[in-house]
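Asks: Next up is a structure, given as structure tokens.
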Amino acid sequence: MVTGSKDTAPSASAAPADPDLVETPAPAQKDDSTTIELSLSELREVAGYAVACARPALAIFERECPDDRRPRAAIDAAQAFADGAKRTKVLRDNAWAAHRAAQETRDAGQAAASDAARAAANACGAAFLHPLAKATQVKHILGSAAHAARAFELAAGDDPTVAADHIAQSRILAKPVVVDVLRRYPVAPSGGGRVGELIRQLDTSLR
């Protein structure tokens, strides 16, 4: 449930969990100190930001898997939500499909393609950002950008300067409303390997 304005989000089950990025949704709590204000229009802005960060990495995935449209479909579904579509099972289904694409490419040794697919899956996951003041929710906002940065880094031979460039671009893409939403949450949590590190770098740069 999203609170804050008359433009509120419909009830929906959580998107599929990227085990590195998305926690299982907590039940609603009565203590108002655990919640934040989050309108549907703000949620759409967050999803649109995730799409903008994830979309450039599609080229990495589709170069490796030219006939696999699952990540692109996930990004298109997230963009549709950002543009005004309802938050429905379509988002969950496309997120799951992109997540499976990430697992398959990872298992095939295509690490850069796997992170590109995770970026797409997390763009759908951004639509399920919860109004709970938990650090783990930051991953819903910045996960797509971090996975895309990691995809570019890996595609360039694990060059950290390439990831830094994408993080810098992701910072530029963040509109004031996205930054305002981010600042309502605690700082990004520890852990998460290289992707977690990239999330924290972007989080720090936007606060």
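A note on labels: chains of the structure tokens are A, B, ... as shown, every chain counts residues from 1, and ligands are counted from 1 in their shown order.
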Please identify which residues in segment 76-190 of chain A DSSP calls helix (DSSP H, G or I) from the backbone, and express them as a PyMOL selection string.
Replies: chain A and resi 76-82+89-107+111-128+135-155+160-173+176-182
Asks: Leaving out Ala98 of chain A and any residue of its chain fewer than 5 positions from it, which residues lie within 7 Å of it when counting only C-alpha atoms, given as a count of residues only?
Replies: 7
Asks: What lies within 10 Å of Val181 of chain A using only C-alpha atoms, ignoring chain neighbours under 6 positions off, as a PyMOL selection string?
Replies: chain A and resi 36-39+42-43+45-46+131+138+141
Asks: Write the residues of the selection above to a file with all heavy atoms, as a short mmCIF file (atom, residue, chain, number, x, y, z; two decimals), in the first residue's frame.
Replies:
```cif
data_model
loop_
_atom_site.label_atom_id
_atom_site.label_comp_id
_atom_site.auth_asym_id
_atom_site.auth_seq_id
_atom_site.Cartn_x
_atom_site.Cartn_y
_atom_site.Cartn_z
N ILE A 36 6.58 5.82 5.54
CA ILE A 36 6.86 7.12 4.94
C ILE A 36 5.73 7.48 4.00
O ILE A 36 4.91 6.64 3.64
CB ILE A 36 8.20 7.11 4.18
CG1 ILE A 36 8.10 6.16 2.98
CG2 ILE A 36 9.36 6.74 5.08
CD1 ILE A 36 9.24 6.32 2.01
N GLU A 37 5.68 8.72 3.57
CA GLU A 37 4.71 9.15 2.58
C GLU A 37 5.24 8.79 1.19
O GLU A 37 6.40 9.08 0.86
CB GLU A 37 4.49 10.66 2.68
CG GLU A 37 3.84 11.11 3.98
CD GLU A 37 2.42 10.58 4.11
OE1 GLU A 37 1.66 10.69 3.13
OE2 GLU A 37 2.08 10.05 5.18
N LEU A 38 4.40 8.18 0.37
CA LEU A 38 4.81 7.79 -0.98
C LEU A 38 3.56 7.73 -1.85
O LEU A 38 2.71 6.86 -1.66
CB LEU A 38 5.51 6.43 -0.96
CG LEU A 38 6.05 5.92 -2.29
CD1 LEU A 38 7.14 6.84 -2.83
CD2 LEU A 38 6.59 4.50 -2.13
N SER A 39 3.45 8.64 -2.80
CA SER A 39 2.27 8.67 -3.67
C SER A 39 2.50 7.80 -4.90
O SER A 39 3.64 7.45 -5.26
CB SER A 39 1.98 10.10 -4.10
OG SER A 39 2.97 10.57 -5.00
N GLU A 42 4.73 9.49 -7.40
CA GLU A 42 6.15 9.37 -7.05
C GLU A 42 6.68 7.98 -7.37
O GLU A 42 7.82 7.83 -7.85
CB GLU A 42 6.35 9.69 -5.57
CG GLU A 42 6.15 11.15 -5.23
CD GLU A 42 6.14 11.41 -3.74
OE1 GLU A 42 5.71 10.52 -2.97
OE2 GLU A 42 6.55 12.52 -3.33
N LEU A 43 5.86 6.98 -7.13
CA LEU A 43 6.26 5.61 -7.45
C LEU A 43 6.49 5.45 -8.95
O LEU A 43 7.44 4.77 -9.38
CB LEU A 43 5.17 4.65 -6.97
CG LEU A 43 5.51 3.16 -6.93
CD1 LEU A 43 6.71 2.89 -6.03
CD2 LEU A 43 4.30 2.37 -6.46
N GLU A 45 7.51 7.80 -10.92
CA GLU A 45 8.78 8.48 -11.21
C GLU A 45 9.97 7.58 -10.87
O GLU A 45 10.96 7.53 -11.62
CB GLU A 45 8.87 9.79 -10.42
CG GLU A 45 7.96 10.88 -10.89
CD GLU A 45 8.44 11.55 -12.17
OE1 GLU A 45 9.60 11.33 -12.57
OE2 GLU A 45 7.65 12.30 -12.77
N VAL A 46 9.88 6.87 -9.75
CA VAL A 46 10.95 5.95 -9.36
C VAL A 46 11.10 4.85 -10.41
O VAL A 46 12.22 4.49 -10.81
CB VAL A 46 10.68 5.37 -7.97
CG1 VAL A 46 11.63 4.22 -7.65
CG2 VAL A 46 10.81 6.46 -6.90
N PRO A 131 6.38 1.73 1.25
CA PRO A 131 6.53 2.92 2.08
C PRO A 131 6.94 2.57 3.51
O PRO A 131 6.31 3.00 4.48
CB PRO A 131 5.14 3.56 2.03
CG PRO A 131 4.23 2.39 1.90
CD PRO A 131 4.96 1.39 1.03
N VAL A 138 15.93 0.89 -0.35
CA VAL A 138 16.76 1.69 -1.26
C VAL A 138 17.14 0.87 -2.49
O VAL A 138 17.32 1.41 -3.58
CB VAL A 138 18.01 2.21 -0.52
CG1 VAL A 138 19.00 2.85 -1.48
CG2 VAL A 138 17.60 3.20 0.56
N ILE A 141 14.99 1.33 -5.44
CA ILE A 141 15.18 2.60 -6.14
C ILE A 141 16.43 2.57 -7.01
O ILE A 141 16.43 3.01 -8.16
CB ILE A 141 15.25 3.77 -5.15
CG1 ILE A 141 14.01 3.81 -4.26
CG2 ILE A 141 15.40 5.11 -5.90
CD1 ILE A 141 14.09 4.81 -3.12
#
```
Asks: Just to confirm, what's the straight-line distance from atom CA of Arg194 of chain A to atom CA of Arg150 of chain A in Å (one decimal)?
Replies: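 Computing it gives 7.6 Å between the two atoms.
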Asks: Which of these residues is nearest to Gln137 of chain A, using only C-alpha atoms: A:Gly125, A:Pro56, A:Gly191, A:Gly48?
Replies: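 Of A:Gly125, A:Pro56, A:Gly191, A:Gly48, the one nearest Gln137 of chain A is A:Gly125, counting only C-alpha atoms.
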Asks: Identify which of the residues A:Leu91, A:Ala77, A:Ile199, A:Leu129 lies closest to Ala168 of chain A, counting only C-alpha atoms when measuring atom-to-atom distances.
Replies: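 Looking at the shortest contact to Ala168 of chain A, the residue is A:Ile199.
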Asks: With only C-alpha atoms as the counted atoms, please give the residues lying no more than 9 Å from Ile75 of chain A, apart from itself and same-chain residues fewer than 2 positions off, as a VMD selection string.
Replies: chain A and resid 50 to 51 54 to 55 70 to 73 77 to 80 94 to 95 119 to 124
Asks: Would you output that residue set with all heavy atoms, as a tab-separated table (two decimals), in the first residue's frame?
Replies:
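Contents of result_30.tsv, as written:
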```tsv
chain	number	residue	atom	x	y	z
A	50	ALA	N	14.32	3.94	-12.82
A	50	ALA	CA	14.92	2.61	-12.92
A	50	ALA	C	15.02	2.15	-14.37
A	50	ALA	O	16.03	1.57	-14.79
A	50	ALA	CB	14.13	1.61	-12.09
A	51	VAL	N	13.98	2.42	-15.14
A	51	VAL	CA	13.99	2.08	-16.56
A	51	VAL	C	15.11	2.82	-17.29
A	51	VAL	O	15.86	2.23	-18.08
A	51	VAL	CB	12.64	2.41	-17.21
A	51	VAL	CG1	12.73	2.35	-18.73
A	51	VAL	CG2	11.56	1.43	-16.72
A	54	ALA	N	18.38	1.22	-16.50
A	54	ALA	CA	18.54	-0.16	-16.96
A	54	ALA	C	18.59	-0.30	-18.46
A	54	ALA	O	19.28	-1.18	-18.99
A	54	ALA	CB	17.41	-1.02	-16.40
A	55	ARG	N	17.86	0.53	-19.17
A	55	ARG	CA	17.71	0.35	-20.62
A	55	ARG	C	19.03	0.31	-21.39
A	55	ARG	O	19.19	-0.52	-22.31
A	55	ARG	CB	16.77	1.42	-21.20
A	55	ARG	CG	16.35	1.11	-22.62
A	55	ARG	CD	15.41	2.18	-23.17
A	55	ARG	NE	14.11	2.19	-22.54
A	55	ARG	CZ	13.12	1.35	-22.83
A	55	ARG	NH1	13.31	0.41	-23.73
A	55	ARG	NH2	11.96	1.45	-22.22
A	70	ARG	N	13.19	-11.29	-23.12
A	70	ARG	CA	12.63	-11.17	-21.77
A	70	ARG	C	13.06	-9.91	-21.03
A	70	ARG	O	12.20	-9.21	-20.45
A	70	ARG	CB	12.95	-12.43	-20.95
A	70	ARG	CG	12.17	-13.67	-21.41
A	70	ARG	CD	12.61	-14.91	-20.67
A	70	ARG	NE	13.97	-15.32	-21.04
A	70	ARG	CZ	14.59	-16.37	-20.53
A	70	ARG	NH1	13.98	-17.14	-19.62
A	70	ARG	NH2	15.81	-16.69	-20.92
A	71	PRO	N	14.33	-9.56	-21.00
A	71	PRO	CA	14.70	-8.31	-20.32
A	71	PRO	C	14.07	-7.08	-20.96
A	71	PRO	O	13.61	-6.17	-20.25
A	71	PRO	CB	16.23	-8.29	-20.41
A	71	PRO	CG	16.60	-9.74	-20.49
A	71	PRO	CD	15.54	-10.35	-21.35
A	72	ARG	N	14.02	-7.04	-22.28
A	72	ARG	CA	13.39	-5.90	-22.95
A	72	ARG	C	11.91	-5.81	-22.58
A	72	ARG	O	11.38	-4.71	-22.36
A	72	ARG	CB	13.57	-6.01	-24.46
A	72	ARG	CG	12.95	-4.84	-25.23
A	72	ARG	CD	13.29	-4.90	-26.71
A	72	ARG	NE	14.71	-4.66	-26.94
A	72	ARG	CZ	15.26	-3.45	-27.03
A	72	ARG	NH1	14.49	-2.36	-26.90
A	72	ARG	NH2	16.55	-3.31	-27.24
A	73	ALA	N	11.24	-6.95	-22.54
A	73	ALA	CA	9.82	-6.95	-22.17
A	73	ALA	C	9.62	-6.44	-20.75
A	73	ALA	O	8.65	-5.73	-20.46
A	73	ALA	CB	9.24	-8.36	-22.31
A	77	ALA	N	7.48	-3.18	-19.72
A	77	ALA	CA	6.39	-3.23	-18.75
A	77	ALA	C	6.57	-2.19	-17.66
A	77	ALA	O	5.61	-1.53	-17.24
A	77	ALA	CB	6.30	-4.63	-18.14
A	78	ALA	N	7.81	-2.03	-17.20
A	78	ALA	CA	8.08	-1.02	-16.18
A	78	ALA	C	7.84	0.39	-16.73
A	78	ALA	O	7.32	1.26	-16.02
A	78	ALA	CB	9.52	-1.16	-15.68
A	79	GLN	N	8.22	0.60	-17.99
A	79	GLN	CA	7.98	1.91	-18.60
A	79	GLN	C	6.49	2.19	-18.73
A	79	GLN	O	6.03	3.32	-18.51
A	79	GLN	CB	8.64	1.98	-19.98
A	79	GLN	CG	8.52	3.35	-20.64
A	79	GLN	CD	9.27	4.42	-19.89
A	79	GLN	OE1	10.49	4.36	-19.78
A	79	GLN	NE2	8.55	5.40	-19.34
A	80	ALA	N	5.73	1.16	-19.08
A	80	ALA	CA	4.27	1.33	-19.18
A	80	ALA	C	3.69	1.75	-17.84
A	80	ALA	O	2.81	2.62	-17.78
A	80	ALA	CB	3.63	0.04	-19.68
A	94	ASN	N	6.73	-10.31	-15.93
A	94	ASN	CA	7.89	-9.88	-16.70
A	94	ASN	C	9.15	-9.81	-15.84
A	94	ASN	O	10.25	-10.11	-16.32
A	94	ASN	CB	7.62	-8.53	-17.36
A	94	ASN	CG	6.83	-8.67	-18.65
A	94	ASN	OD1	7.37	-9.08	-19.67
A	94	ASN	ND2	5.55	-8.36	-18.60
A	95	ALA	N	8.98	-9.44	-14.58
A	95	ALA	CA	10.13	-9.44	-13.68
A	95	ALA	C	10.67	-10.85	-13.47
A	95	ALA	O	11.88	-11.09	-13.50
A	95	ALA	CB	9.75	-8.81	-12.34
A	119	ALA	N	19.20	-5.91	-14.11
A	119	ALA	CA	18.81	-4.49	-14.15
A	119	ALA	C	17.40	-4.34	-14.67
A	119	ALA	O	16.60	-3.56	-14.13
A	119	ALA	CB	19.80	-3.71	-15.02
A	120	ALA	N	17.07	-5.12	-15.70
A	120	ALA	CA	15.71	-5.07	-16.27
A	120	ALA	C	14.68	-5.60	-15.28
A	120	ALA	O	13.61	-5.01	-15.10
A	120	ALA	CB	15.67	-5.87	-17.57
A	121	ALA	N	14.99	-6.72	-14.64
A	121	ALA	CA	14.07	-7.28	-13.65
A	121	ALA	C	13.81	-6.30	-12.52
A	121	ALA	O	12.68	-6.15	-12.05
A	121	ALA	CB	14.63	-8.59	-13.10
A	122	ASN	N	14.84	-5.61	-12.10
A	122	ASN	CA	14.69	-4.67	-11.00
A	122	ASN	C	13.97	-3.39	-11.41
A	122	ASN	O	13.46	-2.67	-10.54
A	122	ASN	CB	16.06	-4.37	-10.40
A	122	ASN	CG	16.48	-5.44	-9.42
A	122	ASN	OD1	16.14	-5.41	-8.25
A	122	ASN	ND2	17.22	-6.43	-9.91
A	123	ALA	N	13.92	-3.11	-12.70
A	123	ALA	CA	13.10	-1.98	-13.14
A	123	ALA	C	11.63	-2.27	-12.84
A	123	ALA	O	10.89	-1.39	-12.38
A	123	ALA	CB	13.30	-1.73	-14.64
A	124	CYS	N	11.20	-3.52	-13.08
A	124	CYS	CA	9.84	-3.91	-12.68
A	124	CYS	C	9.71	-3.88	-11.16
A	124	CYS	O	8.69	-3.45	-10.62
A	124	CYS	CB	9.52	-5.30	-13.20
A	124	CYS	SG	9.13	-5.39	-14.95
```
Asks: Name the closest residue to Ala59 of chain A among the candidates A:Trp96, A:Phe128, A:Phe152, A:Phe81; distances are taken between atoms, counting only C-alpha atoms.
Replies: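 For Ala59 of chain A, the nearest of the given residues is A:Phe152.
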Asks: How many Å separate atom CA of Tyr185 of chain A from atom CA of Arg200 of chain A?
Replies: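 These atoms are spaced 13.0 Å apart.
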Asks: Which is closest to Arg87 of chain A among A:Asp67, A:Leu58, A:Ala113, A:Ala127, if we use only C-alpha atoms?
Replies: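 The shortest atom-to-atom distance to Arg87 of chain A comes from A:Ala127.
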Asks: Closest to Ala164 of chain A among A:Ala149, A:Val195, A:Ala47, A:Leu182, using only C-alpha atoms?
Replies: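 Comparing A:Ala149, A:Val195, A:Ala47, A:Leu182 against Ala164 of chain A, the winner is A:Ala149.
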Asks: How many Å lie between atom CA of Thr34 of chain A and atom CA of Asp180 of chain A, rounded to one decimal?
Replies: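 It comes out at 17.6 Å.
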Asks: Taking only C-alpha atoms into account, which of A:Ala148, A:Ala135, A:Ala126, A:Leu154 comes nearest Val178 of chain A?
Replies: A:Ala126
